[in-house]
>>> print(open('run.txt').read())   # compact mmCIF, C-alpha atoms
# COMPACT_ATOMS: atom_id res chain seq x y z
CA MET A 1 49.10 -8.24 60.23
CA LYS A 2 49.59 -9.15 56.58
CA ARG A 3 46.00 -10.37 56.44
CA ASN A 4 44.71 -7.05 57.78
CA LEU A 5 46.87 -5.11 55.37
CA LEU A 6 45.68 -7.26 52.48
CA SER A 7 42.04 -6.73 53.56
CA ILE A 8 42.56 -2.96 53.66
CA VAL A 9 44.13 -2.95 50.18
CA ILE A 10 41.20 -4.98 48.83
CA LEU A 11 38.70 -2.64 50.51
CA VAL A 12 40.45 0.42 49.02
CA LEU A 13 40.47 -1.17 45.55
CA VAL A 14 36.75 -1.99 45.83
CA LEU A 15 35.97 1.60 46.83
CA VAL A 16 38.09 3.00 43.98
CA ASN A 17 36.38 0.62 41.55
CA THR A 18 32.95 1.72 42.79
CA VAL A 19 33.81 5.42 42.46
CA LEU A 20 35.20 4.96 38.96
CA SER A 21 32.10 2.96 37.95
CA VAL A 22 29.84 5.79 39.15
CA VAL A 23 31.91 8.37 37.24
CA LEU A 24 31.77 6.23 34.11
CA MET A 25 27.99 5.76 34.35
CA VAL A 26 27.38 9.50 34.84
CA SER A 27 29.45 10.36 31.79
CA VAL A 28 27.81 7.65 29.63
CA VAL A 29 24.27 8.68 30.59
CA GLY A 30 25.05 12.34 29.85
CA THR A 31 26.49 11.48 26.46
CA ALA A 32 23.53 9.23 25.64
CA LYS A 33 21.10 12.07 26.42
CA LYS A 34 23.04 14.48 24.21
CA THR A 35 23.13 11.93 21.38
CA SER A 36 19.40 11.37 21.67
CA ALA A 37 18.75 15.12 21.55
CA LEU A 38 20.98 15.43 18.47
CA ILE A 39 19.13 12.63 16.66
CA ASP A 40 15.77 14.23 17.53
CA GLY A 41 16.97 17.56 16.19
CA ILE A 42 18.20 16.03 12.93
CA SER A 43 14.98 14.11 12.38
CA GLU A 44 12.92 17.26 12.96
CA ALA A 45 15.11 19.18 10.53
CA LEU A 46 14.60 16.53 7.88
CA SER A 47 10.87 16.36 8.60
CA LEU A 48 11.13 12.71 9.53
CA GLU A 49 8.84 11.35 12.14
CA ILE A 50 10.35 8.06 13.21
CA GLU A 51 7.35 6.65 15.02
CA SER A 52 4.57 8.21 13.00
CA GLN A 53 2.34 6.01 10.94
CA THR A 54 -0.92 7.47 9.83
CA SER A 55 -4.06 5.45 10.24
CA SER A 56 -4.31 5.27 6.46
CA ASP A 57 -0.88 3.59 6.26
CA VAL A 58 -1.91 1.00 8.81
CA ASN A 59 -5.30 0.36 7.17
CA ALA A 60 -3.91 0.19 3.63
CA SER A 61 -2.25 -3.14 4.23
CA ALA A 62 -5.48 -4.57 5.68
CA ILE A 63 -7.63 -3.77 2.63
CA PRO A 64 -7.96 -6.71 0.22
CA MET A 65 -7.25 -6.08 -3.47
CA THR A 66 -10.86 -6.90 -4.36
CA SER A 67 -11.99 -3.91 -2.28
CA ILE A 68 -9.71 -1.38 -3.94
CA ALA A 69 -10.82 0.94 -6.72
CA VAL A 70 -8.35 3.24 -8.47
CA TYR A 71 -9.23 6.67 -9.78
CA ASN A 72 -6.76 8.22 -12.23
CA ILE A 73 -6.70 11.93 -12.93
CA SER A 74 -7.63 12.06 -16.61
CA GLU A 75 -4.54 13.88 -17.84
CA SER A 76 -1.01 14.58 -16.72
CA MET A 77 -0.49 17.84 -14.87
CA THR A 78 2.34 20.28 -15.57
CA ILE A 79 2.97 22.18 -12.35
CA PRO A 80 5.37 25.13 -11.99
CA LEU A 81 7.66 24.65 -9.01
CA LYS A 82 8.91 27.19 -6.51
CA ASP A 83 12.05 29.08 -7.56
CA GLY A 84 15.16 27.20 -6.48
CA GLY A 85 17.44 30.21 -6.63
CA ASP A 86 19.05 29.44 -10.00
CA GLY A 87 16.83 31.91 -11.87
CA LYS A 88 15.34 29.27 -14.18
CA PRO A 89 11.69 28.21 -14.09
CA HIS A 90 11.21 24.54 -13.22
CA TYR A 91 8.20 22.33 -13.82
CA CYS A 92 6.96 18.95 -12.63
CA LEU A 93 5.08 16.65 -15.02
CA LEU A 94 2.86 14.52 -12.86
CA SER A 95 0.11 11.94 -13.30
CA VAL A 96 -1.77 11.07 -10.14
CA SER A 97 -4.01 8.18 -9.13
CA PHE A 98 -5.88 7.54 -5.91
CA SER A 99 -6.62 4.21 -4.23
CA ILE A 100 -10.13 4.03 -2.81
CA ASN A 101 -11.63 1.57 -0.34
CA LYS A 102 -14.85 0.25 -1.95
CA ASP A 103 -15.99 -1.20 1.40
CA SER A 104 -16.04 2.21 3.07
CA PRO A 105 -19.51 3.69 3.67
CA ASP A 106 -18.35 6.95 2.06
CA TYR A 107 -17.58 5.11 -1.18
CA GLU A 108 -21.33 4.80 -1.76
CA THR A 109 -21.68 8.56 -1.24
CA TYR A 110 -18.85 9.72 -3.49
CA GLY A 111 -18.60 6.72 -5.80
CA GLU A 112 -15.86 5.71 -8.16
CA ASP A 113 -16.41 8.52 -10.67
CA TRP A 114 -14.93 11.75 -9.37
CA SER A 115 -15.10 13.68 -12.62
CA ALA A 116 -17.24 16.36 -10.95
CA GLN A 117 -14.64 16.86 -8.22
CA GLU A 118 -11.59 16.45 -10.46
CA SER A 119 -10.85 20.17 -10.71
CA LEU A 120 -10.86 20.45 -6.90
CA ILE A 121 -8.56 17.43 -6.62
CA LYS A 122 -6.21 18.87 -9.25
CA ASP A 123 -6.12 22.12 -7.30
CA ALA A 124 -5.13 20.23 -4.14
CA VAL A 125 -2.32 18.45 -6.03
CA TYR A 126 -1.21 21.72 -7.63
CA THR A 127 -1.16 23.53 -4.28
CA VAL A 128 0.97 20.86 -2.59
CA VAL A 129 3.48 20.29 -5.39
CA SER A 130 3.98 23.97 -6.30
CA GLN A 131 5.29 24.81 -2.82
CA TYR A 132 8.47 22.76 -3.42
CA THR A 133 11.61 23.55 -5.37
CA MET A 134 12.78 21.00 -7.93
CA GLU A 135 15.44 19.60 -5.57
CA GLU A 136 12.97 19.35 -2.68
CA ALA A 137 10.33 17.67 -4.85
CA LYS A 138 12.83 15.06 -6.07
CA VAL A 139 13.83 14.15 -2.52
CA ASN A 140 10.43 14.41 -0.78
CA GLN A 141 8.20 12.33 -3.05
CA GLU A 142 6.64 10.36 -0.17
CA LEU A 143 6.03 13.54 1.84
CA ILE A 144 4.29 15.10 -1.18
CA LYS A 145 2.09 12.02 -1.55
CA GLN A 146 1.20 12.18 2.15
CA GLN A 147 0.30 15.88 1.96
CA ILE A 148 -1.85 15.32 -1.14
CA LEU A 149 -3.59 12.42 0.62
CA GLU A 150 -4.28 14.55 3.70
CA ARG A 151 -5.76 17.35 1.56
CA VAL A 152 -8.00 14.97 -0.40
CA GLN A 153 -9.14 13.22 2.79
CA ALA A 154 -9.94 16.62 4.31
CA MET A 155 -11.79 17.62 1.13
CA PHE A 156 -14.05 14.56 1.32
CA ASN A 157 -14.03 14.60 5.13
CA SER A 158 -13.32 10.86 5.00
CA ASP A 159 -10.49 8.38 4.84
CA PHE A 160 -11.98 6.17 2.12
CA VAL A 161 -9.13 7.44 -0.07
CA PHE A 162 -6.13 5.71 1.47
CA ASN A 163 -3.26 6.05 -0.99
CA VAL A 164 -1.80 8.37 -3.63
CA SER A 165 0.35 7.06 -6.47
CA PHE A 166 2.37 8.86 -9.13
CA GLY A 167 2.48 7.33 -12.59
CA GLU A 168 4.74 10.01 -14.04
CA TYR A 169 7.00 12.11 -11.89
CA MET A 170 9.40 14.07 -14.09
CA PHE A 171 11.12 17.43 -13.75
CA GLN A 172 12.43 20.09 -16.06
>>> encode(input="run.txt", output="structure tokens")
Amino acid sequence: MKRNLLSIVILVLVLVNTVLSVVLMVSVVGTAKKTSALIDGISEALSLEIESQTSSDVNASAIPMTSIAVYNISESMTIPLKDGGDGKPHYCLLSVSFSINKDSPDYETYGEDWSAQESLIKDAVYTVVSQYTMEEAKVNQELIKQQILERVQAMFNSDFVFNVSFGEYMFQ
């Protein structure tokens, strides 16, 4: 009789253990889903795309240094920034250079000298940078570079321009 009673106690403990394990798993999975949704919401709010890499980012590392030409905008640009709410005008002093893939077929079309298109390129830079406040521009430098790159690539309808660099990046 003691053996049967011991078997019943073991069976009851196994069943209780199984039920508690199921309850624990349900609560952990629910919490994990909520945490994942929270992280997604925060990354969207901060305009971060965790898995996004543009094709230009991937290709930039594959281009040898001998195939890269650099075009510098001839002079620094002083760009008025969006009002930050403090009532004072703010400006960004910026010098921009573009990395160009000399092996691209479009490089032969547009060449290394962009002096004819420089005013259009300056306008693209001006348009992107002027939509930020001073605080936003300080924090989002890489995002600004990416937006300028996308505008210039759209302007030339090509991805032979693969990187944007800032020589000066100062605020007042």
>>> axis_aligned_box(input="run.txt", around="region 79-83 of chain A", padding_each_side="8 Å", output="lines of an AutoDock Vina configuration file")
center_x = 7.5
center_y = 25.6
center_z = -9.4
size_x = 25.1
size_y = 22.9
size_z = 21.8
>>> closest_residue(input="run.txt", among="A:Gln147, A:Ser76, A:Gln141, A:Asn157", to="Val128 (chain A)", atoms="only C-alpha atoms")
A:Gln147
>>> residues_around(input="run.txt", residues="region 91-100 of chain A", least_positions_apart="6", cutoff="7 Å", atoms="only C-alpha atoms", output="list in words")
Ile68, Ala69, Val70, Tyr71, Asn72, Ile73, Glu75, Ser76, Met77, Thr78, Ile79, Pro80, Leu81, Phe160, Val161, Phe162, Asn163, Val164, Ser165, Phe166, Gly167, Glu168, Tyr169, Met170, Phe171 and Gln172 of chain A
>>> atom_distance(input="run.txt", atom1="CA of Val125 (chain A)", atom2="CA of Ile148 (chain A)")
5.8 Å
>>> atom_distance(input="run.txt", atom1="CA of Met155 (chain A)", atom2="CA of Thr66 (chain A)")
25.1 Å
>>> atom_distance(input="run.txt", atom1="CA of Val14 (chain A)", atom2="CA of Lys33 (chain A)")
28.6 Å
>>> residues_around(input="run.txt", residues="Gln117 (chain A)", least_positions_apart="5", cutoff="10 Å", atoms="all atoms listed in the file", output="list of chain:residue names")
A:Tyr110, A:Lys122, A:Met155, A:Phe156
>>> closest_residue(input="run.txt", among="A:Pro89, A:Gly41, A:Pro64, A:Pro105", to="Ser130 (chain A)", atoms="only C-alpha atoms")
A:Pro89
